[in-house]
$ cat coords-v6.cif   # mmCIF, C-alpha atoms
data_work
#
loop_
_atom_site.label_atom_id
_atom_site.label_comp_id
_atom_site.auth_asym_id
_atom_site.auth_seq_id
_atom_site.Cartn_x
_atom_site.Cartn_y
_atom_site.Cartn_z
CA MET C 1 -19.69 -5.87 -15.87
CA THR C 2 -21.59 -4.40 -12.94
CA ASN C 3 -24.07 -1.55 -13.40
CA GLU C 4 -23.18 -0.09 -10.03
CA LEU C 5 -20.22 2.08 -10.89
CA ALA C 6 -17.95 3.87 -8.45
CA GLU C 7 -18.57 7.58 -8.03
CA PHE C 8 -16.23 10.11 -9.57
CA SER C 9 -14.20 12.13 -7.08
CA PRO C 10 -16.06 14.90 -5.17
CA PRO C 11 -14.20 17.67 -7.11
CA GLY C 12 -14.99 15.83 -10.36
CA LEU C 13 -18.67 15.52 -9.48
CA GLN C 14 -18.79 19.17 -8.54
CA PHE C 15 -17.17 20.14 -11.84
CA LEU C 16 -19.65 18.05 -13.84
CA GLY C 17 -22.57 19.39 -11.80
CA ALA C 18 -21.55 22.96 -12.53
CA PHE C 19 -21.11 22.11 -16.21
CA TYR C 20 -24.61 20.65 -16.53
CA GLU C 21 -26.13 23.45 -14.50
CA GLY C 22 -24.39 26.02 -16.70
CA ASN C 23 -25.87 24.32 -19.74
CA HIS C 24 -29.34 24.09 -18.13
CA ILE C 25 -29.43 20.30 -18.43
CA ALA C 26 -31.77 18.28 -16.25
CA ALA C 27 -30.22 15.56 -14.08
CA HIS C 28 -31.81 12.64 -15.99
CA ASP C 29 -31.46 14.00 -19.52
CA THR C 30 -28.80 11.57 -20.75
CA GLU C 31 -28.90 12.61 -24.42
CA ALA C 32 -28.57 16.33 -23.59
CA LYS C 33 -25.61 15.57 -21.34
CA ILE C 34 -23.95 13.48 -24.05
CA GLN C 35 -24.43 16.23 -26.60
CA ALA C 36 -23.07 18.93 -24.28
CA LEU C 37 -20.00 16.83 -23.48
CA ARG C 38 -19.48 15.98 -27.15
CA ASN C 39 -19.54 19.70 -27.93
CA GLN C 40 -16.64 20.07 -25.50
CA VAL C 41 -14.42 17.13 -26.43
CA ALA C 42 -15.48 15.57 -29.72
CA GLY C 43 -14.51 18.21 -32.28
CA ASP C 44 -15.83 17.16 -35.68
CA GLY C 45 -16.79 13.70 -34.44
CA MET C 46 -15.72 11.03 -32.02
CA LEU C 47 -16.46 7.35 -31.62
CA VAL C 48 -16.61 6.19 -28.02
CA THR C 49 -15.94 2.48 -27.63
CA SER C 50 -15.55 -0.04 -24.87
CA ALA C 51 -13.71 -3.32 -24.53
CA GLY C 52 -15.69 -5.64 -22.31
CA GLY C 53 -18.46 -3.20 -21.55
CA GLU C 54 -21.78 -2.27 -23.09
CA ASP C 55 -22.08 0.27 -25.90
CA THR C 56 -25.21 1.95 -24.53
CA PRO C 57 -26.10 5.62 -24.03
CA SER C 58 -25.42 5.28 -20.31
CA PHE C 59 -21.95 3.86 -21.04
CA GLU C 60 -21.31 6.64 -23.57
CA LEU C 61 -22.30 9.28 -21.04
CA ARG C 62 -20.15 7.78 -18.32
CA ALA C 63 -17.15 7.46 -20.66
CA LEU C 64 -17.55 11.03 -21.93
CA GLU C 65 -17.78 12.34 -18.39
CA TYR C 66 -14.61 10.45 -17.53
CA PHE C 67 -12.79 11.77 -20.60
CA TYR C 68 -13.97 15.33 -19.94
CA LEU C 69 -12.70 15.16 -16.36
CA ILE C 70 -9.32 13.74 -17.38
CA GLU C 71 -8.98 16.38 -20.11
CA ASN C 72 -9.60 19.02 -17.47
CA GLY C 73 -6.91 17.73 -15.16
CA PHE C 74 -8.95 15.70 -12.69
CA ASN C 75 -7.29 12.59 -11.33
CA GLU C 76 -10.16 10.12 -11.64
CA MET E 1 26.43 20.01 -18.92
CA SER E 2 29.96 18.57 -18.64
CA ASP E 3 31.16 15.50 -20.57
CA THR E 4 30.83 13.41 -17.39
CA ASP E 5 27.36 14.81 -16.71
CA VAL E 6 26.14 14.06 -20.21
CA GLY E 7 27.42 10.49 -19.91
CA ASP E 8 25.62 10.07 -16.57
CA PHE E 9 22.53 11.63 -18.08
CA ALA E 10 22.64 9.20 -21.03
CA ARG E 11 23.03 6.22 -18.70
CA SER E 12 20.17 7.27 -16.42
CA GLU E 13 17.91 8.11 -19.37
CA ALA E 14 18.59 4.69 -20.91
CA LEU E 15 17.45 3.08 -17.65
CA LYS E 16 14.42 5.36 -17.42
CA ILE E 17 13.36 4.66 -21.01
CA PHE E 18 13.94 0.92 -20.58
CA ASN E 19 11.81 0.84 -17.43
CA LEU E 20 9.07 2.85 -19.11
CA SER E 21 9.22 0.67 -22.21
CA THR E 22 8.29 -2.40 -20.20
CA SER E 23 5.01 -0.71 -19.27
CA CYS E 24 4.21 0.56 -22.80
CA LEU E 25 1.53 -1.96 -23.66
CA MET E 26 1.34 -3.23 -27.25
CA ALA E 27 3.80 -0.55 -28.37
CA HIS E 28 4.73 -2.23 -31.65
CA SER E 29 1.10 -2.81 -32.56
CA ILE E 30 0.24 0.79 -31.77
CA ARG E 31 3.07 2.08 -33.96
CA ALA E 32 2.03 -0.35 -36.69
CA THR E 33 -1.58 0.85 -36.50
CA GLU E 34 -0.42 4.45 -36.81
CA LEU E 35 1.76 3.47 -39.79
CA CYS E 36 -1.12 1.58 -41.41
CA LEU E 37 -3.35 4.65 -41.15
CA GLN E 38 -0.55 6.93 -42.32
CA ASN E 39 -0.12 4.72 -45.39
CA ASP E 40 -3.84 5.19 -46.04
CA GLY E 41 -3.35 8.97 -45.99
CA PHE E 42 -4.29 9.63 -42.38
CA PRO E 43 -1.48 10.97 -40.18
CA TYR E 44 -2.61 9.48 -36.88
CA THR E 45 -1.58 9.49 -33.23
CA ILE E 46 -2.64 6.90 -30.67
CA LYS E 47 -2.16 7.56 -26.98
CA VAL E 48 -2.59 4.76 -24.44
CA GLN E 49 -2.94 5.40 -20.75
CA PRO E 50 -3.41 2.79 -18.01
CA ARG E 51 -5.73 4.23 -15.33
CA LYS E 52 -6.58 3.00 -11.85
CA ASN E 53 -10.19 1.96 -11.22
CA LEU E 54 -11.28 2.45 -14.84
CA ALA E 55 -13.60 -0.56 -14.82
CA ALA E 56 -15.19 0.59 -11.56
CA LYS E 57 -15.71 4.11 -12.84
CA VAL E 58 -16.61 3.56 -16.48
CA GLY E 59 -17.78 -0.05 -16.56
CA SER E 60 -15.28 -1.36 -19.09
CA ARG E 61 -11.76 -2.85 -19.02
CA ALA E 62 -10.84 -0.23 -21.66
CA THR E 63 -12.44 2.62 -23.52
CA ALA E 64 -11.31 4.53 -26.59
CA PHE E 65 -12.10 8.01 -27.84
CA ILE E 66 -11.54 7.92 -31.57
CA ARG E 67 -11.30 11.05 -33.71
CA THR E 68 -10.19 11.48 -37.30
CA SER E 69 -6.55 12.28 -36.51
CA ALA E 70 -6.00 10.83 -33.06
CA ALA E 71 -7.30 8.33 -30.56
CA HIS E 72 -6.98 8.12 -26.83
CA ILE E 73 -7.22 4.68 -25.20
CA PHE E 74 -7.68 4.31 -21.47
CA VAL E 75 -7.13 0.84 -20.08
CA ASP E 76 -7.78 -0.38 -16.55
CA GLY E 77 -4.35 -0.55 -14.89
CA ASP E 78 -5.64 -2.81 -12.13
CA ILE E 79 -6.47 -5.81 -14.32
CA GLU E 80 -3.89 -8.43 -15.31
CA LEU E 81 -1.26 -7.25 -17.77
CA GLU E 82 -2.37 -9.80 -20.36
CA GLN E 83 -5.95 -8.50 -20.12
CA GLN E 84 -4.69 -4.95 -20.55
CA ARG E 85 -2.85 -5.97 -23.72
CA LEU E 86 -5.91 -7.75 -25.06
CA ALA E 87 -8.03 -4.69 -24.32
CA VAL E 88 -5.60 -2.38 -26.13
CA ALA E 89 -5.68 -4.74 -29.12
CA HIS E 90 -9.48 -4.61 -29.07
CA GLU E 91 -9.46 -0.82 -29.19
CA LEU E 92 -6.91 -0.81 -32.03
CA GLY E 93 -9.45 -2.86 -33.95
CA HIS E 94 -12.06 -0.18 -33.30
CA ILE E 95 -9.69 2.51 -34.58
CA LEU E 96 -8.91 0.65 -37.81
CA ILE E 97 -12.57 -0.15 -38.52
CA ALA E 98 -13.72 3.40 -37.68
CA MET E 99 -11.09 4.95 -39.94
CA ASP E 100 -11.82 2.50 -42.76
CA ARG E 101 -15.48 3.54 -42.62
CA PHE E 102 -14.43 7.18 -42.41
CA LYS E 103 -12.68 6.77 -45.78
CA GLY E 104 -16.04 6.00 -47.37
CA THR E 105 -18.41 8.24 -45.42
CA GLN E 106 -16.23 11.09 -44.10
CA LYS E 107 -18.03 10.55 -40.82
CA ILE E 108 -17.00 9.06 -37.52
CA GLU E 109 -19.74 6.99 -35.92
CA ARG E 110 -20.79 7.76 -32.35
CA ARG E 111 -21.17 4.23 -31.05
CA ALA E 112 -20.09 0.80 -32.20
CA ASP E 113 -22.76 -1.70 -33.21
CA VAL E 114 -22.83 -5.39 -32.30
CA LEU E 115 -21.22 -6.50 -35.56
CA THR E 116 -18.34 -4.11 -35.03
CA GLU E 117 -17.88 -5.33 -31.46
CA ASP E 118 -17.69 -8.92 -32.73
CA ALA E 119 -15.18 -7.87 -35.39
CA CYS E 120 -13.03 -6.15 -32.76
CA ARG E 121 -13.08 -9.26 -30.58
CA LEU E 122 -11.90 -11.20 -33.62
CA PHE E 123 -9.17 -8.62 -34.34
CA GLU E 124 -8.07 -8.76 -30.69
CA SER E 125 -7.73 -12.52 -30.61
CA GLU E 126 -6.10 -12.75 -34.06
CA LEU E 127 -3.51 -10.06 -33.32
CA CYS E 128 -2.63 -11.39 -29.87
CA ARG E 129 -2.48 -14.98 -31.09
CA ARG E 130 0.06 -13.90 -33.70
CA HIS E 131 2.13 -12.10 -31.06
CA ASP E 132 1.93 -15.18 -28.86
CA GLU E 133 3.16 -17.45 -31.64
CA PHE E 134 5.96 -15.03 -32.50
CA TYR E 135 7.32 -14.76 -28.95
CA ALA E 136 6.92 -18.48 -28.29
CA ASN E 137 9.44 -19.16 -31.06
CA ASP E 138 13.03 -18.81 -29.81
CA SER E 139 14.42 -18.31 -33.29
CA ASN E 140 12.22 -15.21 -33.69
CA ILE E 141 13.57 -13.83 -30.41
CA ARG E 142 17.17 -14.52 -31.46
CA ALA E 143 16.71 -13.04 -34.93
CA LYS E 144 14.55 -10.01 -34.16
CA CYS E 145 14.74 -9.06 -30.48
CA LEU E 146 18.28 -9.60 -29.17
CA PHE E 147 21.25 -7.27 -29.77
CA HIS E 148 24.02 -9.67 -30.76
CA SER E 149 26.43 -6.87 -31.74
CA LEU E 150 26.63 -5.74 -28.10
CA HIS E 151 28.48 -8.96 -27.24
CA ARG E 152 31.02 -8.96 -30.10
CA HIS E 153 33.87 -7.51 -28.00
CA ASP E 154 33.14 -9.36 -24.72
#
$ encode --input "coords-v6.cif" --output "structure tokens"
Amino acid sequence: MTNELAEFSPPGLQFLGAFYEGNHIAAHDTEAKIQALRNQVAGDGMLVTSAGGEDTPSFELRALEYFYLIENGFNE
Amino acid sequence: MSDTDVGDFARSEALKIFNLSTSCLMAHSIRATELCLQNDGFPYTIKVQPRKNLAAKVGSRATAFIRTSAAHIFVDGDIELEQQRLAVAHELGHILIAMDRFKGTQKIERRADVLTEDACRLFESELCRRHDEFYANDSNIRAKCLFHSLHRHD
């Protein structure tokens, strides 16, 4: 699977940007982003898995961002 | 709604549900997974959603978000139908393994390790092979899939 992923939609990117900014998270702080997203969507715990992808922090972040956008009504 | 309207409604809903049912991937296996977890004391709901461009956006043919009472599976709607079904099966394996571990630890893991991934690939191929063998056998189709009673008065 390629590492060069397609961008989220402009409204989706804007929404995520505002979310990270509101939580004072630096652009490259993957773990802080994961934790902030988990606080929003994971409740008392959530396993994020892939079929045919890589279970890495960067995958987890990307998947959580995707889930967060879908949960908030974005059509990604 | 008049008697005629309700009849028309029933007919159109039957068509709508039939058409939708042909795109409900691995529906029996999903219901069976929910039942399996329910029998273990976990009322559980699994939602599956095909999405366009999932692999391009997330980097995986499918991804699952598994919590203690529900799971949400997204599968790439652009890949071949067979690959979508295999991917859903893979994620069902993740759900069953995660919930089995939850029974012992009361915790849901954050990420799957390599051993779990291998086990889910095994689950995927075993489950789909069994489906394949079932549907390849005409007598199974005749006994368990067709509605013979609908033709009694033809």
$ closest_atom_pairs --input "coords-v6.cif" --of "chain E" --to "chain C" --cutoff "8 Å" --atoms "all atoms listed in the file" --output "tab-separated table"
residue	atom	partner	partner_atom	distance
E:Lys52	CA	C:Glu76	CA	8.0
E:Ala56	CA	C:Leu5	CA	5.3
E:Lys57	CA	C:Ala6	CA	4.9
E:Val58	CA	C:Ala63	CA	5.7
E:Gly59	CA	C:Gly53	CA	5.9
E:Ser60	CA	C:Gly53	CA	4.4
E:Arg61	CA	C:Gly52	CA	5.8
E:Ala62	CA	C:Ala51	CA	5.1
E:Thr63	CA	C:Ser50	CA	4.3
E:Ala64	CA	C:Thr49	CA	5.2
E:Phe65	CA	C:Val48	CA	4.9
E:Ile66	CA	C:Leu47	CA	5.0
E:Arg67	CA	C:Met46	CA	4.7
E:Thr68	CA	C:Gly45	CA	7.5
E:Ala87	CA	C:Ala51	CA	5.8
E:His90	CA	C:Ala51	CA	6.3
E:Glu91	CA	C:Ala51	CA	6.8
E:His94	CA	C:Thr49	CA	7.4
E:Ala98	CA	C:Leu47	CA	7.7
E:Lys107	CA	C:Gly45	CA	7.2
E:Ile108	CA	C:Gly45	CA	5.6
E:Glu109	CA	C:Leu47	CA	5.4
E:Arg110	CA	C:Leu47	CA	4.4
E:Arg111	CA	C:Leu47	CA	5.7
E:Ala112	CA	C:Thr49	CA	6.4
E:Asp113	CA	C:Asp55	CA	7.6
$ residues_around --input "coords-v6.cif" --residues "Lys33 (chain C)" --least-positions-apart "6" --cutoff "9 Å" --atoms "all atoms listed in the file" --output "list of chain:residue names"
C:Tyr20, C:Asn23, C:Ile25, C:Ala26, C:Ala27, C:Leu61, C:Glu65
$ atom_distance --input "coords-v6.cif" --atom1 "CA of Ile97 (chain E)" --atom2 "CA of Phe74 (chain E)"
18.3 Å
$ decode --input "coords-v6.cif" --residues "region 9-56 of chain C" --atoms "C-alpha atoms" --output "mmCIF file, in the first residue's frame"
data_model
loop_
_atom_site.group_PDB
_atom_site.id
_atom_site.type_symbol
_atom_site.label_atom_id
_atom_site.label_comp_id
_atom_site.auth_asym_id
_atom_site.auth_seq_id
_atom_site.Cartn_x
_atom_site.Cartn_y
_atom_site.Cartn_z
ATOM 1 C CA SER C 9 -11.399 17.309 1.481
ATOM 2 C CA PRO C 10 -10.622 21.029 2.042
ATOM 3 C CA PRO C 11 -13.509 21.391 4.562
ATOM 4 C CA GLY C 12 -12.287 18.237 6.316
ATOM 5 C CA LEU C 13 -8.721 19.521 6.497
ATOM 6 C CA GLN C 14 -9.942 22.844 7.809
ATOM 7 C CA PHE C 15 -12.014 21.090 10.476
ATOM 8 C CA LEU C 16 -9.057 18.969 11.589
ATOM 9 C CA GLY C 17 -6.747 21.996 11.559
ATOM 10 C CA ALA C 18 -9.102 23.923 13.809
ATOM 11 C CA PHE C 19 -9.414 20.904 16.099
ATOM 12 C CA TYR C 20 -5.652 20.550 16.536
ATOM 13 C CA GLU C 21 -5.193 24.285 16.922
ATOM 14 C CA GLY C 22 -7.918 24.369 19.571
ATOM 15 C CA ASN C 23 -6.090 21.626 21.441
ATOM 16 C CA HIS C 24 -2.707 23.363 21.029
ATOM 17 C CA ILE C 25 -1.193 20.400 19.203
ATOM 18 C CA ALA C 26 1.877 20.867 17.035
ATOM 19 C CA ALA C 27 1.624 19.775 13.396
ATOM 20 C CA HIS C 28 4.087 16.862 13.731
ATOM 21 C CA ASP C 29 3.018 15.594 17.149
ATOM 22 C CA THR C 30 1.414 12.334 16.023
ATOM 23 C CA GLU C 31 0.885 10.869 19.507
ATOM 24 C CA ALA C 32 -0.794 14.046 20.812
ATOM 25 C CA LYS C 33 -3.088 14.086 17.793
ATOM 26 C CA ILE C 34 -3.988 10.425 18.300
ATOM 27 C CA GLN C 35 -4.766 11.017 21.954
ATOM 28 C CA ALA C 36 -6.898 14.084 21.237
ATOM 29 C CA LEU C 37 -8.877 12.210 18.579
ATOM 30 C CA ARG C 38 -9.267 9.187 20.844
ATOM 31 C CA ASN C 39 -10.676 11.474 23.524
ATOM 32 C CA GLN C 40 -13.340 12.478 21.012
ATOM 33 C CA VAL C 41 -14.325 9.137 19.491
ATOM 34 C CA ALA C 42 -12.955 6.227 21.508
ATOM 35 C CA GLY C 43 -15.022 6.351 24.694
ATOM 36 C CA ASP C 44 -13.614 3.828 27.164
ATOM 37 C CA GLY C 45 -11.329 2.282 24.552
ATOM 38 C CA MET C 46 -11.145 1.515 20.876
ATOM 39 C CA LEU C 47 -9.032 -0.773 18.735
ATOM 40 C CA VAL C 48 -8.216 0.628 15.314
ATOM 41 C CA THR C 49 -7.394 -2.056 12.770
ATOM 42 C CA SER C 50 -6.614 -2.330 9.109
ATOM 43 C CA ALA C 51 -7.038 -5.038 6.503
ATOM 44 C CA GLY C 52 -4.188 -4.864 4.049
ATOM 45 C CA GLY C 53 -2.515 -1.850 5.579
ATOM 46 C CA GLU C 54 0.091 -1.227 8.241
ATOM 47 C CA ASP C 55 -0.776 -0.999 11.928
ATOM 48 C CA THR C 56 1.548 1.917 12.661
#
